[in-house]
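Below is one structure; the comments refer to it alone.
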Amino acid sequence: MAGPRSLSAGLSALQPEAFGVDPSGERLARIRRSPHFKDGVFQNPGGPSRTRPSGSPLDFARLYFDKDARTRRAPSARIPVHATTLADIARPPASGLRLTWMGHSSVLAEIDGTRVLFDPVWGERCSPFPFAGPKRLHPVPLPLAALGPVDVVVISHDHYDHLDLPTIKALAGTDTVFAVPLGVGAHLEHWGVSADRLRELDWHESTRIGGLTLTATPARHFCGRGLRNTQHTLWASWVVAGEEHRVYHSGDTGYFDGFQAIGTQHGPFDATMIQLGAYSEFWPDIHMTPAEALRAHLDLQGGAPAGVLLPIHWATFNLAPHAWAEPGEWTKDAAEEAGQAVAFPRPGEPFEPGGKLPAEPWWRAVSAPVPHLWRRPGTVEVTGETPRGDLDLAGDR
């Protein structure tokens, strides 16, 4: 008869490799010493947050499986992808800062001579299984091998749409360094990344890589990959500062007042990359609407329009009930109302925040019409209930 240990080993052997592993040993001891770890789990800033859908499961199912809503959650034709080549990103940026959005939350940031790759996901699905789970709405703009050398890979947290097994395994064979939140290094070591190439940080900790300082900053989200969500890996936003430029990547987060503190300590920023897709009234604490994302950007910049906002976490995977193009359309409305510069590159289209910004609403050519629900005096009359996160930007700040 098999004992408990052999049974546990057998169950572990059946788990997909993509589940990764739980932290253990000194890594787990360091987690337990963190001031942000309490009662066996990492704690969100601003108090407890709902990490599971709220409301009635029946109401959610009706919304998610509504025929018209399902149609709007996918493009009506092929999403235009910029045919990125190595030549596009081989020349140093004239301004010293260039961003290339690869889709979802994956961004190549070239900062003062150093190349940083945020949340790289080149896999076909954000799932532990190759045959199931959310599938890409557009192809990757270029093969990972054609990206050229990367100095540092930054991971915001361990969810499948931000930490992708096949992508990490491909990068494990290079000499890039990985900057990750506490505990996430356990997954990477399990997948072949050597410990000496890991920089594992708690919130407010920094590391120097090349000419850059990378700082893990708070976010309001959660973690987990396997059948058990142990909450033993941290989630983070990131500040990356060079000699001349600095950028912010939000990872996944709900809106919270900590953006102001991050901006005061580390800003202002030449560009922010902020999550504003996959939001829903069923999980309001852990993802931001376009209005909340714009407010977060303004908080980070000291309360007034400044720098460039790059919307991320949209247009690549269908992860919420809203129309796939809604984040782009609503962000365009809200930013115009606030006078904030926003970049809308096609996936794979490089741009320099200090130069001409890609501004064409490219999604309109492959999307059903998206209602404009922002209050814009003289052009739009709003009736009924406005979406969560809507705000009067003229009078609220």
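Residue numbering restarts at 1 for every chain of the structure tokens, chains are lettered A, B, ... in their displayed order, and ligands are numbered from 1 as they appear.
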request  = Mind checking which residues fall within 8 Å of stretch 322-337 of chain A, counting only C-alpha atoms, ignoring those fewer than 4 positions away in the same chain, and posting them as number ranges by chain?
outcome  = A: 69, 72-75, 276-280, 289-291, 294, 311, 314-315, 318, 341-342, 344, 361, 363-364, 367, 370, 372-374, 376, 393-394
query = What are the DSSP alpha helix (DSSP H) residues of stretch 139-333 of chain A, as a ChimeraX atom specification?
reply = /A:165-172,185-190,258-266,290-300,326-333
Writer output for current selection, N, CA and C atoms, as a short mmCIF file (atom, residue, chain, number, x, y, z; two decimals), in the first residue's frame:
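That gives us part_26.cif:
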```
data_model
loop_
_atom_site.label_atom_id
_atom_site.label_comp_id
_atom_site.auth_asym_id
_atom_site.auth_seq_id
_atom_site.Cartn_x
_atom_site.Cartn_y
_atom_site.Cartn_z
N LEU A 165 5.57 29.56 -19.64
CA LEU A 165 6.57 28.49 -19.60
C LEU A 165 7.42 28.40 -20.87
N PRO A 166 6.83 28.27 -22.07
CA PRO A 166 7.70 28.13 -23.25
C PRO A 166 8.60 29.34 -23.49
N THR A 167 8.11 30.52 -23.15
CA THR A 167 8.93 31.72 -23.32
C THR A 167 10.11 31.71 -22.35
N ILE A 168 9.85 31.39 -21.09
CA ILE A 168 10.92 31.35 -20.09
C ILE A 168 11.94 30.28 -20.44
N LYS A 169 11.48 29.13 -20.90
CA LYS A 169 12.42 28.07 -21.26
C LYS A 169 13.33 28.51 -22.41
N ALA A 170 12.78 29.26 -23.36
CA ALA A 170 13.60 29.75 -24.45
C ALA A 170 14.62 30.77 -23.94
N LEU A 171 14.21 31.64 -23.03
CA LEU A 171 15.12 32.65 -22.49
C LEU A 171 16.12 32.07 -21.50
N ALA A 172 15.79 30.91 -20.94
CA ALA A 172 16.71 30.28 -19.99
C ALA A 172 18.03 29.90 -20.65
N GLY A 185 10.97 33.28 -8.29
CA GLY A 185 12.20 32.61 -8.70
C GLY A 185 12.12 31.10 -8.61
N ALA A 186 11.26 30.57 -7.74
CA ALA A 186 11.12 29.12 -7.61
C ALA A 186 10.65 28.51 -8.93
N HIS A 187 9.68 29.15 -9.59
CA HIS A 187 9.22 28.66 -10.89
C HIS A 187 10.37 28.68 -11.90
N LEU A 188 11.10 29.80 -11.94
CA LEU A 188 12.13 29.96 -12.96
C LEU A 188 13.27 28.96 -12.78
N GLU A 189 13.69 28.75 -11.52
CA GLU A 189 14.72 27.74 -11.30
C GLU A 189 14.24 26.36 -11.72
N HIS A 190 12.99 26.05 -11.44
CA HIS A 190 12.41 24.76 -11.82
C HIS A 190 12.43 24.58 -13.34
N GLY A 258 -1.84 54.02 -3.57
CA GLY A 258 -0.40 53.90 -3.56
C GLY A 258 0.30 54.43 -4.79
N PHE A 259 -0.44 54.67 -5.88
CA PHE A 259 0.18 55.23 -7.07
C PHE A 259 0.78 56.61 -6.78
N GLN A 260 0.12 57.36 -5.97
CA GLN A 260 0.63 58.68 -5.63
C GLN A 260 1.99 58.57 -4.93
N ALA A 261 2.11 57.63 -3.99
CA ALA A 261 3.36 57.45 -3.27
C ALA A 261 4.48 56.98 -4.20
N ILE A 262 4.15 56.08 -5.13
CA ILE A 262 5.14 55.61 -6.09
C ILE A 262 5.63 56.77 -6.94
N GLY A 263 4.69 57.60 -7.38
CA GLY A 263 5.06 58.76 -8.20
C GLY A 263 5.92 59.75 -7.43
N THR A 264 5.57 59.98 -6.17
CA THR A 264 6.35 60.91 -5.35
C THR A 264 7.77 60.42 -5.15
N GLN A 265 7.93 59.14 -4.93
CA GLN A 265 9.25 58.59 -4.63
C GLN A 265 10.09 58.35 -5.88
N HIS A 266 9.44 57.96 -6.99
CA HIS A 266 10.21 57.50 -8.16
C HIS A 266 9.96 58.30 -9.43
N PRO A 290 -10.28 51.66 -17.98
CA PRO A 290 -9.51 52.75 -18.58
C PRO A 290 -9.51 54.03 -17.75
N ALA A 291 -10.64 54.39 -17.15
CA ALA A 291 -10.68 55.60 -16.32
C ALA A 291 -9.79 55.47 -15.10
N GLU A 292 -9.81 54.31 -14.48
CA GLU A 292 -8.95 54.10 -13.31
C GLU A 292 -7.48 54.10 -13.72
N ALA A 293 -7.18 53.51 -14.86
CA ALA A 293 -5.79 53.49 -15.34
C ALA A 293 -5.29 54.90 -15.64
N LEU A 294 -6.14 55.72 -16.23
CA LEU A 294 -5.76 57.10 -16.49
C LEU A 294 -5.52 57.84 -15.17
N ARG A 295 -6.39 57.60 -14.21
CA ARG A 295 -6.19 58.24 -12.90
C ARG A 295 -4.88 57.77 -12.27
N ALA A 296 -4.57 56.48 -12.41
CA ALA A 296 -3.30 55.96 -11.88
C ALA A 296 -2.12 56.65 -12.55
N HIS A 297 -2.18 56.83 -13.88
CA HIS A 297 -1.10 57.51 -14.59
C HIS A 297 -0.93 58.94 -14.06
N LEU A 298 -2.03 59.64 -13.90
CA LEU A 298 -1.95 61.02 -13.41
C LEU A 298 -1.40 61.06 -11.98
N ASP A 299 -1.80 60.09 -11.15
CA ASP A 299 -1.24 60.01 -9.79
C ASP A 299 0.27 59.83 -9.85
N LEU A 300 0.72 58.95 -10.72
CA LEU A 300 2.14 58.67 -10.84
C LEU A 300 2.92 59.89 -11.32
N GLU A 326 -12.85 47.54 -26.53
CA GLU A 326 -13.36 48.56 -25.62
C GLU A 326 -12.26 49.30 -24.86
N PRO A 327 -11.23 48.61 -24.34
CA PRO A 327 -10.19 49.36 -23.62
C PRO A 327 -9.52 50.43 -24.47
N GLY A 328 -9.26 50.14 -25.74
CA GLY A 328 -8.65 51.14 -26.60
C GLY A 328 -9.55 52.33 -26.82
N GLU A 329 -10.82 52.05 -27.13
CA GLU A 329 -11.78 53.12 -27.43
C GLU A 329 -12.02 54.01 -26.22
N TRP A 330 -12.23 53.38 -25.07
CA TRP A 330 -12.53 54.17 -23.88
C TRP A 330 -11.30 54.93 -23.38
N THR A 331 -10.11 54.34 -23.54
CA THR A 331 -8.90 55.05 -23.14
C THR A 331 -8.69 56.28 -24.02
N LYS A 332 -8.96 56.14 -25.29
CA LYS A 332 -8.82 57.29 -26.20
C LYS A 332 -9.75 58.42 -25.77
N ASP A 333 -10.98 58.09 -25.46
CA ASP A 333 -11.94 59.11 -25.00
C ASP A 333 -11.46 59.80 -23.72
#
```
inquiry  = Counting only C-alpha atoms, which residue out of A:Asp285, A:Glu205, A:Glu200, A:Asp164 sits closest to A:Val121?
reply    =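 Closest residue, counting only C-alpha atoms: A:Asp164.
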Test item: residues at most 12 Å from stretch 353-356 of chain A, only C-alpha atoms, excluding those fewer than 6 positions along its chain, as a PDB file with N, CA, C and O atoms, in the first residue's frame:
```
ATOM      1  N   PRO A  93      17.677  53.980 -30.160  1.00  0.00           N
ATOM      2  CA  PRO A  93      16.673  55.043 -30.246  1.00  0.00           C
ATOM      3  C   PRO A  93      17.330  56.417 -30.200  1.00  0.00           C
ATOM      4  O   PRO A  93      18.240  56.648 -29.391  1.00  0.00           O
ATOM      5  N   ALA A  94      16.868  57.311 -31.049  1.00  0.00           N
ATOM      6  CA  ALA A  94      17.465  58.645 -31.132  1.00  0.00           C
ATOM      7  C   ALA A  94      17.357  59.386 -29.803  1.00  0.00           C
ATOM      8  O   ALA A  94      18.259  60.121 -29.410  1.00  0.00           O
ATOM      9  N   SER A  95      16.253  59.175 -29.092  1.00  0.00           N
ATOM     10  CA  SER A  95      16.019  59.885 -27.831  1.00  0.00           C
ATOM     11  C   SER A  95      16.612  59.172 -26.627  1.00  0.00           C
ATOM     12  O   SER A  95      16.655  59.719 -25.532  1.00  0.00           O
ATOM     13  N   GLY A  96      17.030  57.919 -26.822  1.00  0.00           N
ATOM     14  CA  GLY A  96      17.516  57.110 -25.697  1.00  0.00           C
ATOM     15  C   GLY A  96      16.456  56.230 -25.084  1.00  0.00           C
ATOM     16  O   GLY A  96      16.768  55.389 -24.236  1.00  0.00           O
ATOM     17  N   LEU A  97      15.172  56.386 -25.502  1.00  0.00           N
ATOM     18  CA  LEU A  97      14.089  55.569 -24.960  1.00  0.00           C
ATOM     19  C   LEU A  97      13.152  55.156 -26.090  1.00  0.00           C
ATOM     20  O   LEU A  97      12.631  56.006 -26.818  1.00  0.00           O
ATOM     21  N   ARG A  98      12.949  53.846 -26.219  1.00  0.00           N
ATOM     22  CA  ARG A  98      12.011  53.328 -27.224  1.00  0.00           C
ATOM     23  C   ARG A  98      11.236  52.170 -26.606  1.00  0.00           C
ATOM     24  O   ARG A  98      11.789  51.349 -25.870  1.00  0.00           O
ATOM     25  N   LEU A  99       9.935  52.120 -26.886  1.00  0.00           N
ATOM     26  CA  LEU A  99       9.064  51.056 -26.407  1.00  0.00           C
ATOM     27  C   LEU A  99       8.475  50.310 -27.589  1.00  0.00           C
ATOM     28  O   LEU A  99       8.074  50.928 -28.586  1.00  0.00           O
ATOM     29  N   THR A 100       8.416  48.989 -27.473  1.00  0.00           N
ATOM     30  CA  THR A 100       7.765  48.161 -28.480  1.00  0.00           C
ATOM     31  C   THR A 100       6.797  47.236 -27.768  1.00  0.00           C
ATOM     32  O   THR A 100       7.215  46.311 -27.062  1.00  0.00           O
ATOM     33  N   ALA A 109      11.461  47.455 -23.714  1.00  0.00           N
ATOM     34  CA  ALA A 109      11.825  48.842 -23.411  1.00  0.00           C
ATOM     35  C   ALA A 109      13.336  48.989 -23.556  1.00  0.00           C
ATOM     36  O   ALA A 109      14.098  48.290 -22.869  1.00  0.00           O
ATOM     37  N   GLU A 110      13.758  49.861 -24.445  1.00  0.00           N
ATOM     38  CA  GLU A 110      15.177  50.160 -24.633  1.00  0.00           C
ATOM     39  C   GLU A 110      15.450  51.493 -23.943  1.00  0.00           C
ATOM     40  O   GLU A 110      14.967  52.535 -24.383  1.00  0.00           O
ATOM     41  N   ILE A 111      16.191  51.412 -22.840  1.00  0.00           N
ATOM     42  CA  ILE A 111      16.355  52.559 -21.942  1.00  0.00           C
ATOM     43  C   ILE A 111      17.838  52.862 -21.772  1.00  0.00           C
ATOM     44  O   ILE A 111      18.578  52.062 -21.169  1.00  0.00           O
ATOM     45  N   HIS A 245      16.354  58.434 -18.405  1.00  0.00           N
ATOM     46  CA  HIS A 245      14.932  58.124 -18.553  1.00  0.00           C
ATOM     47  C   HIS A 245      14.461  57.175 -17.463  1.00  0.00           C
ATOM     48  O   HIS A 245      15.252  56.430 -16.891  1.00  0.00           O
ATOM     49  N   ARG A 246      13.148  57.225 -17.221  1.00  0.00           N
ATOM     50  CA  ARG A 246      12.553  56.279 -16.285  1.00  0.00           C
ATOM     51  C   ARG A 246      11.158  55.915 -16.757  1.00  0.00           C
ATOM     52  O   ARG A 246      10.423  56.744 -17.312  1.00  0.00           O
ATOM     53  N   VAL A 247      10.791  54.640 -16.539  1.00  0.00           N
ATOM     54  CA  VAL A 247       9.494  54.133 -16.961  1.00  0.00           C
ATOM     55  C   VAL A 247       8.871  53.349 -15.812  1.00  0.00           C
ATOM     56  O   VAL A 247       9.550  52.943 -14.863  1.00  0.00           O
ATOM     57  N   PHE A 269       7.604  60.072 -14.756  1.00  0.00           N
ATOM     58  CA  PHE A 269       8.041  59.063 -15.702  1.00  0.00           C
ATOM     59  C   PHE A 269       7.916  59.566 -17.135  1.00  0.00           C
ATOM     60  O   PHE A 269       6.964  60.267 -17.476  1.00  0.00           O
ATOM     61  N   ASP A 270       8.879  59.161 -17.951  1.00  0.00           N
ATOM     62  CA  ASP A 270       8.769  59.462 -19.382  1.00  0.00           C
ATOM     63  C   ASP A 270       7.618  58.689 -20.001  1.00  0.00           C
ATOM     64  O   ASP A 270       6.976  59.169 -20.936  1.00  0.00           O
ATOM     65  N   ALA A 271       7.375  57.484 -19.483  1.00  0.00           N
ATOM     66  CA  ALA A 271       6.273  56.668 -19.989  1.00  0.00           C
ATOM     67  C   ALA A 271       5.804  55.729 -18.895  1.00  0.00           C
ATOM     68  O   ALA A 271       6.604  55.242 -18.082  1.00  0.00           O
ATOM     69  N   THR A 272       4.516  55.474 -18.869  1.00  0.00           N
ATOM     70  CA  THR A 272       3.952  54.442 -18.007  1.00  0.00           C
ATOM     71  C   THR A 272       3.271  53.408 -18.883  1.00  0.00           C
ATOM     72  O   THR A 272       2.627  53.751 -19.882  1.00  0.00           O
ATOM     73  N   MET A 273       3.423  52.153 -18.522  1.00  0.00           N
ATOM     74  CA  MET A 273       2.743  51.037 -19.187  1.00  0.00           C
ATOM     75  C   MET A 273       1.731  50.508 -18.177  1.00  0.00           C
ATOM     76  O   MET A 273       2.119  49.911 -17.166  1.00  0.00           O
ATOM     77  N   ALA A 306       1.256  64.342 -18.021  1.00  0.00           N
ATOM     78  CA  ALA A 306       2.699  64.393 -18.273  1.00  0.00           C
ATOM     79  C   ALA A 306       3.132  63.055 -18.820  1.00  0.00           C
ATOM     80  O   ALA A 306       2.458  62.031 -18.609  1.00  0.00           O
ATOM     81  N   GLY A 307       4.248  63.022 -19.516  1.00  0.00           N
ATOM     82  CA  GLY A 307       4.746  61.772 -20.058  1.00  0.00           C
ATOM     83  C   GLY A 307       3.775  61.152 -21.038  1.00  0.00           C
ATOM     84  O   GLY A 307       2.869  61.803 -21.561  1.00  0.00           O
ATOM     85  N   VAL A 308       3.949  59.870 -21.291  1.00  0.00           N
ATOM     86  CA  VAL A 308       3.123  59.132 -22.245  1.00  0.00           C
ATOM     87  C   VAL A 308       2.567  57.893 -21.566  1.00  0.00           C
ATOM     88  O   VAL A 308       3.288  57.184 -20.850  1.00  0.00           O
ATOM     89  N   LEU A 309       1.292  57.649 -21.770  1.00  0.00           N
ATOM     90  CA  LEU A 309       0.633  56.442 -21.278  1.00  0.00           C
ATOM     91  C   LEU A 309       0.573  55.411 -22.408  1.00  0.00           C
ATOM     92  O   LEU A 309       0.059  55.709 -23.491  1.00  0.00           O
ATOM     93  N   LEU A 310       1.096  54.213 -22.155  1.00  0.00           N
ATOM     94  CA  LEU A 310       0.972  53.092 -23.088  1.00  0.00           C
ATOM     95  C   LEU A 310       0.008  52.079 -22.487  1.00  0.00           C
ATOM     96  O   LEU A 310       0.327  51.446 -21.480  1.00  0.00           O
ATOM     97  N   ALA A 341      -1.320  62.568 -23.179  1.00  0.00           N
ATOM     98  CA  ALA A 341      -0.767  61.898 -24.354  1.00  0.00           C
ATOM     99  C   ALA A 341      -0.799  60.385 -24.155  1.00  0.00           C
ATOM    100  O   ALA A 341      -0.364  59.869 -23.123  1.00  0.00           O
ATOM    101  N   VAL A 342      -1.338  59.677 -25.163  1.00  0.00           N
ATOM    102  CA  VAL A 342      -1.422  58.213 -25.126  1.00  0.00           C
ATOM    103  C   VAL A 342      -0.876  57.663 -26.432  1.00  0.00           C
ATOM    104  O   VAL A 342      -1.129  58.219 -27.512  1.00  0.00           O
ATOM    105  N   ALA A 343      -0.145  56.567 -26.343  1.00  0.00           N
ATOM    106  CA  ALA A 343       0.358  55.884 -27.533  1.00  0.00           C
ATOM    107  C   ALA A 343      -0.519  54.679 -27.823  1.00  0.00           C
ATOM    108  O   ALA A 343      -0.828  53.903 -26.917  1.00  0.00           O
ATOM    109  N   PHE A 344      -0.913  54.533 -29.087  1.00  0.00           N
ATOM    110  CA  PHE A 344      -1.719  53.388 -29.516  1.00  0.00           C
ATOM    111  C   PHE A 344      -1.002  52.649 -30.646  1.00  0.00           C
ATOM    112  O   PHE A 344      -1.455  52.629 -31.781  1.00  0.00           O
ATOM    113  N   PRO A 345       0.132  52.029 -30.345  1.00  0.00           N
ATOM    114  CA  PRO A 345       0.828  51.292 -31.394  1.00  0.00           C
ATOM    115  C   PRO A 345       0.097  50.004 -31.748  1.00  0.00           C
ATOM    116  O   PRO A 345      -0.591  49.405 -30.908  1.00  0.00           O
TER     117      PRO A 345
END
```
Of the listed residues A:His221, A:Lys135, A:Arg115, A:Arg78, that which approaches A:Leu234 most closely, counting only C-alpha atoms =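 Among the listed residues, A:His221 lies closest to A:Leu234.
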task = Would you mind telling me which residue in A:Glu244, A:Asp252, A:Asp22, A:Glu349 lies nearest to A:Val140 when using only C-alpha atoms?
result =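 Comparing A:Glu244, A:Asp252, A:Asp22, A:Glu349 against A:Val140, the winner is A:Glu349.
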query = What's the 10 Å shell around A:Asn44, counting only C-alpha atoms, without same-chain residues fewer than 2 positions away, as a VMD selection string?
reply = chain A and resid 36 to 37 41 to 42 46 to 49 218 to 222 234 to 235 253 256 286
query = atom CA of A:Gly123 and atom CA of A:Leu198 are how many Å apart?
reply =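 Between atom CA of A:Gly123 and atom CA of A:Leu198 the gap is 22.0 Å.
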task = Choose the residue, out of A:Gly25, A:Pro321, A:Pro128, A:Pro149, that has the smallest atom-to-atom separation from A:Arg225; count only C-alpha atoms.
result =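 Counting only C-alpha atoms, the residue closest to A:Arg225 is A:Pro128.
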request  = Write out as a PyMOL selection string all residues of stretch 123-325 of chain A that backbone DSSP assigns to strand (DSSP E or B).
outcome  = chain A and resi 125+135+152-154+177-181+198-201+206-209+212-217+237-241+246-249+271-275+308-312
ask   = Can you list, as a ChimeraX atom specification, every protein, DNA or RNA residue that comes within 6 Å of A:Val116 when you count only C-alpha atoms, leaving out same-chain residues fewer than 5 positions away?
value = /A:108-109,152-153
task = Show which residues sit within 9 Å of A:Asp175, as a ChimeraX atom specification. Count only C-alpha atoms, and ignore same-chain residues fewer than 5 positions away.
result = /A:149-151,197
Stretch 82-91 of chain A environment, 6 Å, only C-alpha atoms, sequence neighbours closer than 2 positions dropped, as a short mmCIF file (atom, residue, chain, number, x, y, z; two decimals) with N, CA, C and O atoms, in the first residue's frame:
```
data_model
loop_
_atom_site.label_atom_id
_atom_site.label_comp_id
_atom_site.auth_asym_id
_atom_site.auth_seq_id
_atom_site.Cartn_x
_atom_site.Cartn_y
_atom_site.Cartn_z
N PRO A 141 4.38 39.50 -32.90
CA PRO A 141 4.90 40.32 -34.00
C PRO A 141 6.17 39.79 -34.63
O PRO A 141 6.43 40.02 -35.81
N LEU A 142 7.01 39.09 -33.85
CA LEU A 142 8.22 38.49 -34.39
C LEU A 142 8.64 37.35 -33.49
O LEU A 142 8.29 37.32 -32.31
N ARG A 346 0.23 49.58 -32.99
CA ARG A 346 -0.16 48.21 -33.32
C ARG A 346 0.82 47.27 -32.62
O ARG A 346 1.95 47.65 -32.35
N PRO A 347 0.40 46.06 -32.32
CA PRO A 347 1.36 45.13 -31.71
C PRO A 347 2.63 45.03 -32.56
O PRO A 347 2.56 44.80 -33.78
N GLY A 348 3.77 45.25 -31.92
CA GLY A 348 5.04 45.16 -32.62
C GLY A 348 5.57 46.45 -33.20
O GLY A 348 6.65 46.47 -33.77
N GLU A 349 4.85 47.55 -33.03
CA GLU A 349 5.24 48.83 -33.63
C GLU A 349 6.09 49.64 -32.65
O GLU A 349 5.59 50.15 -31.66
#
```
